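Participant: Contents of work-v2.cif (mmCIF, C-alpha atoms, pLDDT in the B column; chains and numbers go by the auth columns):
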data_coords
loop_
_atom_site.group_PDB
_atom_site.id
_atom_site.type_symbol
_atom_site.label_atom_id
_atom_site.label_comp_id
_atom_site.label_asym_id
_atom_site.label_seq_id
_atom_site.Cartn_x
_atom_site.Cartn_y
_atom_site.Cartn_z
_atom_site.B_iso_or_equiv
_atom_site.auth_seq_id
_atom_site.auth_asym_id
ATOM 1 C CA MET A 1 5.729 11.140 16.425 42.00 271 A
ATOM 2 C CA PHE A 2 2.285 11.319 18.042 37.00 272 A
ATOM 3 C CA HIS A 3 0.408 14.584 18.608 39.00 273 A
ATOM 4 C CA THR A 4 -2.751 14.546 20.699 37.00 274 A
ATOM 5 C CA GLY A 5 -3.676 17.972 19.339 37.00 275 A
ATOM 6 C CA GLY A 6 -3.421 17.280 15.636 37.00 276 A
ATOM 7 C CA LEU A 7 -3.616 13.561 16.357 39.00 277 A
ATOM 8 C CA ILE A 8 -1.226 12.570 13.605 40.00 278 A
ATOM 9 C CA VAL A 9 1.247 9.718 13.851 42.00 279 A
ATOM 10 C CA PHE A 10 4.195 9.756 11.455 36.00 280 A
ATOM 11 C CA CYS A 11 5.553 6.248 11.468 37.00 281 A
ATOM 12 C CA GLY A 12 8.323 6.255 8.853 36.00 282 A
ATOM 13 C CA LEU A 13 11.761 5.112 9.928 32.00 283 A
ATOM 14 C CA LEU A 14 14.202 7.790 8.771 29.00 284 A
ATOM 15 C CA ALA A 15 17.106 5.496 7.962 31.00 285 A
ATOM 16 C CA GLN A 16 14.954 3.155 5.863 34.00 286 A
ATOM 17 C CA THR A 17 13.140 6.087 4.295 34.00 287 A
ATOM 18 C CA MET A 18 16.320 7.787 3.090 33.00 288 A
ATOM 19 C CA ALA A 19 17.763 4.551 1.725 35.00 289 A
ATOM 20 C CA GLN A 20 14.588 3.608 -0.147 37.00 290 A
ATOM 21 C CA ASN A 21 13.825 7.081 -1.455 39.00 291 A
ATOM 22 C CA GLN A 22 17.316 7.348 -2.923 37.00 292 A
ATOM 23 C CA SER A 23 16.863 4.109 -4.875 40.00 293 A
ATOM 24 C CA LEU A 24 13.441 4.833 -6.356 39.00 294 A
ATOM 25 C CA PRO A 25 12.718 7.434 -9.029 43.00 295 A
ATOM 26 C CA VAL A 26 10.173 10.148 -8.399 41.00 296 A
ATOM 27 C CA SER A 27 6.765 9.535 -9.970 42.00 297 A
ATOM 28 C CA PRO A 28 5.087 12.268 -12.034 41.00 298 A
ATOM 29 C CA ALA A 29 3.000 14.736 -10.030 40.00 299 A
ATOM 30 C CA ARG A 30 -0.520 13.534 -9.253 44.00 300 A
ATOM 31 C CA ASP A 31 -2.080 16.205 -11.506 42.00 301 A
ATOM 32 C CA GLN A 32 0.193 15.220 -14.414 46.00 302 A
ATOM 33 C CA VAL A 33 -1.301 11.991 -15.684 47.00 303 A
ATOM 34 C CA PRO A 34 0.968 10.590 -18.431 50.00 304 A
ATOM 35 C CA LYS A 35 -0.407 9.627 -21.833 64.00 305 A
ATOM 36 C CA GLY A 36 1.026 7.239 -24.394 84.00 306 A
ATOM 37 C CA LEU A 37 2.350 3.855 -23.235 89.00 307 A
ATOM 38 C CA LEU A 38 2.748 4.851 -19.594 90.00 308 A
ATOM 39 C CA GLY A 39 -0.706 6.418 -19.492 90.00 309 A
ATOM 40 C CA SER A 40 -2.287 3.291 -20.975 93.00 310 A
ATOM 41 C CA LEU A 41 -0.460 1.067 -18.503 95.00 311 A
ATOM 42 C CA GLN A 42 -1.416 3.276 -15.585 93.00 312 A
ATOM 43 C CA GLY A 43 -5.061 3.200 -16.628 93.00 313 A
ATOM 44 C CA ALA A 44 -5.068 -0.573 -17.107 95.00 314 A
ATOM 45 C CA LEU A 45 -3.542 -1.208 -13.670 95.00 315 A
ATOM 46 C CA SER A 46 -5.789 1.297 -11.879 94.00 316 A
ATOM 47 C CA ASN A 47 -8.957 -0.029 -13.493 94.00 317 A
ATOM 48 C CA GLY A 48 -7.829 -3.600 -12.923 95.00 318 A
ATOM 49 C CA LEU A 49 -7.226 -3.100 -9.205 94.00 319 A
ATOM 50 C CA VAL A 50 -10.752 -1.723 -8.920 92.00 320 A
ATOM 51 C CA SER A 51 -12.387 -4.440 -11.046 91.00 321 A
ATOM 52 C CA GLU A 52 -10.528 -7.181 -9.160 90.00 322 A
ATOM 53 C CA ASP A 53 -12.146 -5.909 -5.945 91.00 323 A
ATOM 54 C CA VAL A 54 -8.859 -5.414 -4.138 93.00 324 A
ATOM 55 C CA LEU A 55 -10.450 -2.797 -1.893 92.00 325 A
ATOM 56 C CA SER A 56 -13.261 -5.168 -0.905 92.00 326 A
ATOM 57 C CA SER A 57 -10.771 -7.921 -0.125 92.00 327 A
ATOM 58 C CA LEU A 58 -8.908 -5.549 2.195 92.00 328 A
ATOM 59 C CA LYS A 59 -12.130 -4.798 4.089 92.00 329 A
ATOM 60 C CA GLU A 60 -12.700 -8.520 4.617 91.00 330 A
ATOM 61 C CA LEU A 61 -9.305 -9.244 6.177 88.00 331 A
ATOM 62 C CA PRO A 62 -9.509 -10.933 9.628 87.00 332 A
ATOM 63 C CA LEU A 63 -7.371 -8.246 11.241 84.00 333 A
ATOM 64 C CA VAL A 64 -7.794 -9.309 14.867 78.00 334 A
ATOM 65 C CA ASN A 65 -6.612 -12.850 14.131 78.00 335 A
ATOM 66 C CA MET A 66 -3.708 -11.501 12.106 77.00 336 A
ATOM 67 C CA LEU A 67 -2.635 -9.283 14.984 74.00 337 A
ATOM 68 C CA LYS A 68 -2.936 -12.137 17.476 69.00 338 A
ATOM 69 C CA ASN A 69 -0.460 -14.120 15.373 70.00 339 A
ATOM 70 C CA GLN A 70 2.136 -11.437 16.036 65.00 340 A
ATOM 71 C CA SER A 71 2.467 -12.370 19.715 57.00 341 A
ATOM 72 C CA SER A 72 6.071 -11.150 19.963 60.00 342 A
ATOM 73 C CA LEU A 73 4.930 -7.613 19.131 56.00 343 A
ATOM 74 C CA LEU A 74 1.745 -7.411 21.162 56.00 344 A
ATOM 75 C CA GLY A 75 2.848 -7.402 24.792 59.00 345 A
ATOM 76 C CA LYS A 76 -0.374 -7.204 26.816 56.00 346 A
ATOM 77 C CA LEU A 77 -2.573 -6.621 23.788 59.00 347 A
ATOM 78 C CA PRO A 78 -3.572 -10.281 23.080 56.00 348 A
ATOM 79 C CA SER A 79 -5.969 -10.334 26.032 60.00 349 A
ATOM 80 C CA LEU A 80 -7.471 -7.025 24.913 61.00 350 A
ATOM 81 C CA LEU A 81 -7.887 -8.296 21.365 64.00 351 A
ATOM 82 C CA ASN A 82 -10.195 -11.008 22.714 67.00 352 A
ATOM 83 C CA ILE A 83 -12.780 -8.328 23.463 70.00 353 A
ATOM 84 C CA PHE A 84 -12.031 -5.768 20.744 76.00 354 A
ATOM 85 C CA ASP A 85 -13.149 -5.918 17.137 82.00 355 A
ATOM 86 C CA LEU A 86 -11.070 -4.292 14.397 83.00 356 A
ATOM 87 C CA ASP A 87 -12.285 -3.671 10.850 88.00 357 A
ATOM 88 C CA ILE A 88 -11.373 -1.678 7.767 92.00 358 A
ATOM 89 C CA ILE A 89 -14.522 0.338 7.196 92.00 359 A
ATOM 90 C CA ASP A 90 -13.271 2.329 4.203 93.00 360 A
ATOM 91 C CA ALA A 91 -10.523 1.668 1.643 94.00 361 A
ATOM 92 C CA ARG A 92 -9.660 3.856 -1.322 94.00 362 A
ATOM 93 C CA LEU A 93 -7.216 3.656 -4.199 94.00 363 A
ATOM 94 C CA LEU A 94 -5.717 7.057 -4.942 93.00 364 A
ATOM 95 C CA GLU A 95 -4.122 8.000 -8.249 92.00 365 A
ATOM 96 C CA MET A 96 -1.268 5.709 -9.231 92.00 366 A
ATOM 97 C CA GLY A 97 2.160 6.883 -10.313 91.00 367 A
ATOM 98 C CA LEU A 98 4.518 5.324 -12.886 91.00 368 A
ATOM 99 C CA ALA A 99 8.190 6.140 -13.317 91.00 369 A
ATOM 100 C CA PRO A 100 11.057 4.474 -15.215 92.00 370 A
ATOM 101 C CA SER A 101 14.288 3.460 -13.509 92.00 371 A
ATOM 102 C CA PRO A 102 17.464 5.422 -14.333 92.00 372 A
ATOM 103 C CA ASP A 103 18.758 2.573 -16.545 92.00 373 A
ATOM 104 C CA GLY A 104 15.425 2.283 -18.377 92.00 374 A
ATOM 105 C CA HIS A 105 15.116 -1.470 -17.802 94.00 375 A
ATOM 106 C CA ARG A 106 12.285 -1.363 -15.277 95.00 376 A
ATOM 107 C CA LEU A 107 9.254 0.665 -14.257 96.00 377 A
ATOM 108 C CA TYR A 108 8.094 1.513 -10.753 96.00 378 A
ATOM 109 C CA ALA A 109 4.339 1.553 -10.165 95.00 379 A
ATOM 110 C CA THR A 110 3.276 3.348 -6.997 95.00 380 A
ATOM 111 C CA VAL A 111 -0.120 2.319 -5.625 95.00 381 A
ATOM 112 C CA PRO A 112 -1.302 4.781 -2.935 95.00 382 A
ATOM 113 C CA LEU A 113 -3.987 3.432 -0.617 95.00 383 A
ATOM 114 C CA SER A 114 -6.034 5.126 2.081 94.00 384 A
ATOM 115 C CA MET A 115 -7.787 2.980 4.705 94.00 385 A
ATOM 116 C CA VAL A 116 -9.906 3.740 7.760 93.00 386 A
ATOM 117 C CA PHE A 117 -9.716 1.258 10.661 90.00 387 A
ATOM 118 C CA ASN A 118 -12.435 1.096 13.311 88.00 388 A
ATOM 119 C CA LEU A 119 -11.727 -0.319 16.779 83.00 389 A
ATOM 120 C CA LYS A 120 -14.911 -1.173 18.671 82.00 390 A
ATOM 121 C CA LEU A 121 -16.290 -3.053 21.655 76.00 391 A
ATOM 122 C CA PRO A 122 -19.508 -5.092 21.824 76.00 392 A
ATOM 123 C CA LEU A 123 -22.378 -3.048 23.294 73.00 393 A
ATOM 124 C CA VAL A 124 -20.163 0.059 23.513 73.00 394 A
ATOM 125 C CA GLY A 125 -19.587 0.481 19.796 77.00 395 A
ATOM 126 C CA SER A 126 -16.781 2.407 18.124 78.00 396 A
ATOM 127 C CA LEU A 127 -13.903 3.507 20.351 77.00 397 A
ATOM 128 C CA PHE A 128 -11.824 5.272 17.738 80.00 398 A
ATOM 129 C CA GLU A 129 -10.935 5.310 14.068 85.00 399 A
ATOM 130 C CA LEU A 130 -7.468 5.339 12.534 86.00 400 A
ATOM 131 C CA LEU A 131 -6.661 6.521 9.018 91.00 401 A
ATOM 132 C CA MET A 132 -3.672 4.845 7.348 92.00 402 A
ATOM 133 C CA ASP A 133 -2.128 6.210 4.151 94.00 403 A
ATOM 134 C CA LEU A 134 0.198 3.684 2.548 93.00 404 A
ATOM 135 C CA ASP A 135 2.119 3.419 -0.738 95.00 405 A
ATOM 136 C CA ILE A 136 2.832 0.038 -2.353 95.00 406 A
ATOM 137 C CA THR A 137 5.651 0.162 -4.926 95.00 407 A
ATOM 138 C CA ALA A 138 5.857 -2.586 -7.568 96.00 408 A
ATOM 139 C CA GLU A 139 8.863 -3.051 -9.840 97.00 409 A
ATOM 140 C CA ILE A 140 7.797 -4.000 -13.391 97.00 410 A
ATOM 141 C CA LEU A 141 10.229 -5.990 -15.526 96.00 411 A
ATOM 142 C CA ALA A 142 10.250 -7.576 -19.002 95.00 412 A
ATOM 143 C CA GLU A 143 11.158 -11.277 -19.039 93.00 413 A
ATOM 144 C CA THR A 144 11.615 -13.778 -21.858 90.00 414 A
ATOM 145 C CA ASP A 145 10.537 -17.371 -21.242 87.00 415 A
ATOM 146 C CA GLU A 146 12.123 -20.554 -22.657 87.00 416 A
ATOM 147 C CA ALA A 147 9.909 -20.365 -25.745 88.00 417 A
ATOM 148 C CA GLY A 148 11.128 -16.855 -26.503 86.00 418 A
ATOM 149 C CA ASN A 149 7.877 -15.171 -25.470 90.00 419 A
ATOM 150 C CA VAL A 150 8.161 -11.823 -23.698 93.00 420 A
ATOM 151 C CA HIS A 151 6.125 -11.062 -20.581 93.00 421 A
ATOM 152 C CA LEU A 152 5.793 -8.214 -18.109 96.00 422 A
ATOM 153 C CA VAL A 153 6.146 -9.358 -14.495 96.00 423 A
ATOM 154 C CA VAL A 154 6.413 -7.888 -11.020 97.00 424 A
ATOM 155 C CA GLY A 155 9.892 -8.013 -9.509 95.00 425 A
ATOM 156 C CA ASP A 156 10.272 -6.485 -6.054 95.00 426 A
ATOM 157 C CA CYS A 157 7.024 -5.308 -4.495 95.00 427 A
ATOM 158 C CA SER A 158 7.026 -3.570 -1.146 92.00 428 A
ATOM 159 C CA HIS A 159 5.690 -0.619 0.820 89.00 429 A
ATOM 160 C CA SER A 160 7.531 2.655 1.325 78.00 430 A
ATOM 161 C CA PRO A 161 8.142 3.225 5.075 77.00 431 A
ATOM 162 C CA GLY A 162 8.687 6.939 4.565 71.00 432 A
ATOM 163 C CA ASN A 163 5.249 7.360 2.977 76.00 433 A
ATOM 164 C CA LEU A 164 3.342 5.624 5.772 82.00 434 A
ATOM 165 C CA LYS A 165 1.142 7.910 7.866 86.00 435 A
ATOM 166 C CA ILE A 166 -1.411 7.075 10.559 83.00 436 A
ATOM 167 C CA THR A 167 -3.935 9.628 11.789 82.00 437 A
ATOM 168 C CA LEU A 168 -6.242 9.252 14.791 77.00 438 A
ATOM 169 C CA LEU A 169 -9.544 10.531 13.450 77.00 439 A
ATOM 170 C CA ASN A 170 -11.973 10.583 16.343 70.00 440 A
ATOM 171 C CA GLY A 171 -13.706 8.553 18.997 59.00 441 A
ATOM 172 C CA LYS A 172 -13.907 7.608 22.629 59.00 442 A
ATOM 173 C CA GLY A 173 -10.436 6.118 22.293 52.00 443 A
ATOM 174 C CA LEU A 174 -8.972 9.377 23.542 54.00 444 A
ATOM 175 C CA ARG A 175 -9.611 8.013 27.015 58.00 445 A
ATOM 176 C CA PHE A 176 -7.048 5.307 26.369 60.00 446 A
ATOM 177 C CA THR A 177 -3.544 5.905 27.643 59.00 447 A
ATOM 178 C CA GLN A 178 -0.943 7.352 25.314 68.00 448 A
ATOM 179 C CA ALA A 179 1.087 4.170 25.803 70.00 449 A
ATOM 180 C CA PHE A 180 -1.785 2.034 24.478 70.00 450 A
ATOM 181 C CA LEU A 181 -2.204 4.196 21.383 73.00 451 A
ATOM 182 C CA ASN A 182 1.535 4.222 20.735 76.00 452 A
ATOM 183 C CA THR A 183 1.652 0.427 21.060 74.00 453 A
ATOM 184 C CA LEU A 184 -1.303 -0.047 18.735 75.00 454 A
ATOM 185 C CA THR A 185 0.013 2.287 16.043 79.00 455 A
ATOM 186 C CA GLY A 186 3.474 0.745 16.361 79.00 456 A
ATOM 187 C CA ILE A 187 2.015 -2.696 15.678 78.00 457 A
ATOM 188 C CA PHE A 188 0.066 -1.281 12.732 81.00 458 A
ATOM 189 C CA THR A 189 3.264 0.005 11.127 84.00 459 A
ATOM 190 C CA ARG A 190 4.905 -3.436 11.400 83.00 460 A
ATOM 191 C CA VAL A 191 1.971 -5.698 10.538 85.00 461 A
ATOM 192 C CA ILE A 192 -0.623 -3.971 8.341 88.00 462 A
ATOM 193 C CA PRO A 193 1.633 -2.818 5.444 90.00 463 A
ATOM 194 C CA ALA A 194 2.897 -6.363 4.858 89.00 464 A
ATOM 195 C CA VAL A 195 -0.668 -7.690 4.933 90.00 465 A
ATOM 196 C CA VAL A 196 -1.865 -5.091 2.420 92.00 466 A
ATOM 197 C CA GLN A 197 1.181 -5.738 0.262 93.00 467 A
ATOM 198 C CA SER A 198 0.349 -9.463 0.143 92.00 468 A
ATOM 199 C CA GLN A 199 -3.098 -8.603 -1.221 93.00 469 A
ATOM 200 C CA VAL A 200 -2.048 -6.004 -3.814 95.00 470 A
ATOM 201 C CA CYS A 201 1.205 -7.313 -5.335 96.00 471 A
ATOM 202 C CA PRO A 202 -0.161 -10.632 -6.742 96.00 472 A
ATOM 203 C CA VAL A 203 -3.057 -8.768 -8.365 96.00 473 A
ATOM 204 C CA ILE A 204 -0.663 -6.371 -10.122 97.00 474 A
ATOM 205 C CA ASN A 205 1.265 -9.378 -11.465 96.00 475 A
ATOM 206 C CA THR A 206 -1.990 -10.930 -12.726 96.00 476 A
ATOM 207 C CA LEU A 207 -3.043 -7.679 -14.398 96.00 477 A
ATOM 208 C CA LEU A 208 0.271 -7.449 -16.244 96.00 478 A
ATOM 209 C CA GLY A 209 -0.462 -10.852 -17.761 94.00 479 A
ATOM 210 C CA GLN A 210 -3.862 -9.618 -18.971 95.00 480 A
ATOM 211 C CA LEU A 211 -2.650 -6.473 -20.758 95.00 481 A
ATOM 212 C CA ASP A 212 -3.512 -5.762 -24.361 94.00 482 A
ATOM 213 C CA ILE A 213 -0.842 -7.552 -26.412 94.00 483 A
ATOM 214 C CA THR A 214 0.162 -4.408 -28.333 94.00 484 A
ATOM 215 C CA LEU A 215 0.532 -2.392 -25.136 94.00 485 A
ATOM 216 C CA MET A 216 2.481 -5.174 -23.436 94.00 486 A
ATOM 217 C CA HIS A 217 4.930 -5.546 -26.333 93.00 487 A
ATOM 218 C CA GLY A 218 5.351 -1.795 -26.654 93.00 488 A
ATOM 219 C CA ILE A 219 6.369 -1.476 -23.007 95.00 489 A
ATOM 220 C CA ALA A 220 8.414 -4.691 -22.933 94.00 490 A
ATOM 221 C CA ASN A 221 10.457 -3.672 -25.971 93.00 491 A
ATOM 222 C CA LYS A 222 11.378 -0.359 -24.370 92.00 492 A
ATOM 223 C CA LEU A 223 12.351 -2.044 -21.110 94.00 493 A
ATOM 224 C CA ILE A 224 14.499 -4.654 -22.856 92.00 494 A
ATOM 225 C CA GLN A 225 16.291 -1.972 -24.866 92.00 495 A
ATOM 226 C CA GLY A 226 16.500 0.438 -21.957 90.00 496 A
ATOM 227 C CA ALA A 227 14.867 3.017 -24.214 85.00 497 A
ATOM 228 C CA GLU A 228 13.507 6.248 -22.811 84.00 498 A
ATOM 229 C CA PHE A 229 9.775 6.579 -22.217 78.00 499 A
ATOM 230 C CA VAL A 230 8.408 9.852 -23.550 68.00 500 A
ATOM 231 C CA LEU A 231 6.233 11.354 -20.812 59.00 501 A
ATOM 232 C CA GLU A 232 3.365 12.843 -22.800 55.00 502 A
ATOM 233 C CA LEU A 233 1.336 14.952 -20.370 51.00 503 A
#
Before anything else, please render the file you have as C-alpha cells.

Facilitator:
Amino acid sequence: MFHTGGLIVFCGLLAQTMAQNQSLPVSPARDQVPKGLLGSLQGALSNGLVSEDVLSSLKELPLVNMLKNQSSLLGKLPSLLNIFDLDIIDARLLEMGLAPSPDGHRLYATVPLSMVFNLKLPLVGSLFELLMDLDITAEILAETDEAGNVHLVVGDCSHSPGNLKITLLNGKGLRFTQAFLNTLTGIFTRVIPAVVQSQVCPVINTLLGQLDITLMHGIANKLIQGAEFVLEL
C-alpha cells in the first residue's frame, strides 16, 4: 500500500506474514530488557554487531550494481540506473529481542535495522530518500561436534516480510510517476532484505563462537535440555 499523503509503503505479504508470525515466538517488549543468561547474550550480540562494523558495511554496499543484477525484476529501470546513484546514508541497529522456542531447544534473536536510502543524480543531487525498517531473525541452536564439544550456532536466518516497512521521506522524487515509485519500492522489498541478511547472519554466527565460555555453556545446556529460560526483567 502506497500513500502519497503519509508517504508510507507497507510491503509485507499477508500470506507469508501470517505463516511466519505463527511459527515464531513473540520477543519481550522493547522496554523490557531481559537480565540473566538472555540479557547477557542479548548484550553480547548487540555490542558485537556494533563493534564488527556491520552498519558501516551496509553503507558501503554497491547497491546500484546489485540492483542491475536483478534484470528480471527491473523492467525499464536498468537504463535509469546507469544515471542514478543509490546509497545508504544512515543505518541504525535498534534494540534486539530474544525469545525461546516453544520446545525450549532454540532461541530466536530478532535484529531490527533502520536504513535511509538516498537516490540522487549527478549535478542535480538528491531526488528522494527512502526509510526501510527491517527485522532479521536468527535461530540459535546448540550443537555438539565429533569431539564432544558444544557450540552455539545460527540455524535458519531470514527477514520477516510482515515487519518490513518502507517510507518515502522527502525530496524532489515526488515528481516521479507513482508507477516508478511502486516499481522501485517493489524491487527494494525483493532485493534489499536478502542483501542485508547476507551481511548480518554470518556476523551473528561469528559472535556466537566468541561468547564467554561460561555464558555459552549456560545457554547451550538449557537448549540441549529444553529447559525454560527465566525472563528476569

Participant: When the PyMOL selection byres ((chain A and resi 361) around 10) is applied to the structure above, which residues does it catch, written out as a list in words?

Facilitator: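 Selected by the PyMOL selection byres ((chain A and resi 361) around 10) in this file: Val324, Leu325, Ser326, Ser327, Leu328, Lys329, Ile358, Ile359, Asp360, Arg362, Leu363, Leu364, Leu383, Ser384, Met385, Val386, Phe387, Leu401, Met402 and Asp403 of chain A.
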
Participant: Need to verify the contact set: A:Gly318, 10 Å, all atoms listed in the file, exclusion of same-chain residues closer than 6 positions in sequence. Can you return it as a ChimeraX atom specification?

Facilitator: /A:312,324,473-474,476-478,480-481

Participant: Env of stretch 422-433 of chain A: 6 Å cut, atoms = all atoms listed in the file, seq-sep filter 4 positions within chain, self excluded. Answer as a count of residues only.

Facilitator: 12

Participant: Once the PyMOL selection byres ((chain A and resi 373) around 12) has been applied to the shown file, what residues remain in the selection, as a list in words?

Facilitator: Ser293, Leu294, Pro295, Ala369, Pro370, Ser371, Pro372, Gly374, His375, Arg376, Leu377, Lys492, Leu493, Ile494, Gln495, Gly496, Ala497, Glu498 and Phe499 of chain A

Participant: Any idea what the distance is between atom CA of A:Thr414 and atom CA of A:Ala490?

Facilitator: 9.7 Å

Participant: Here is a test: counting all atoms listed in the file, which residue of A:Asn491, A:Ser321, A:Leu331, A:Leu439 is nearest to A:Asn419?

Facilitator: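 Among the listed residues, A:Asn491 lies closest to A:Asn419.
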
Participant: Can you work out which one of A:Gly488, A:Leu356, A:Cys471, A:Gly479 has the shortest atom-to-atom distance to A:Phe458, counting all atoms listed in the file?

Facilitator: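 Ranking A:Gly488, A:Leu356, A:Cys471, A:Gly479 by distance to A:Phe458, first place goes to A:Leu356.
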
Participant: Any idea what the distance is between atom CA of A:Val465 and atom CA of A:Leu389?

Facilitator: 17.8 Å

Participant: Compare A:Leu391, A:Ile489, A:Val466, A:Val334 by their minimum atom-to-atom distance to A:Leu307, counting all atoms listed in the file, and give me the closest one.

Facilitator: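 Of A:Leu391, A:Ile489, A:Val466, A:Val334, the one nearest A:Leu307, counting all atoms listed in the file, is A:Ile489.
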
Participant: Measuring between all atoms listed in the file, which one of A:Pro382, A:Gly367, A:Gly306, A:Gly395 shows the shortest distance to A:Pro463?

Facilitator: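 For A:Pro463, the nearest of the given residues is A:Pro382.
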
Participant: Suppose you want the space between atom CA of A:Val381 and atom CA of A:Met366; what is it in Å?

Facilitator: 5.1 Å
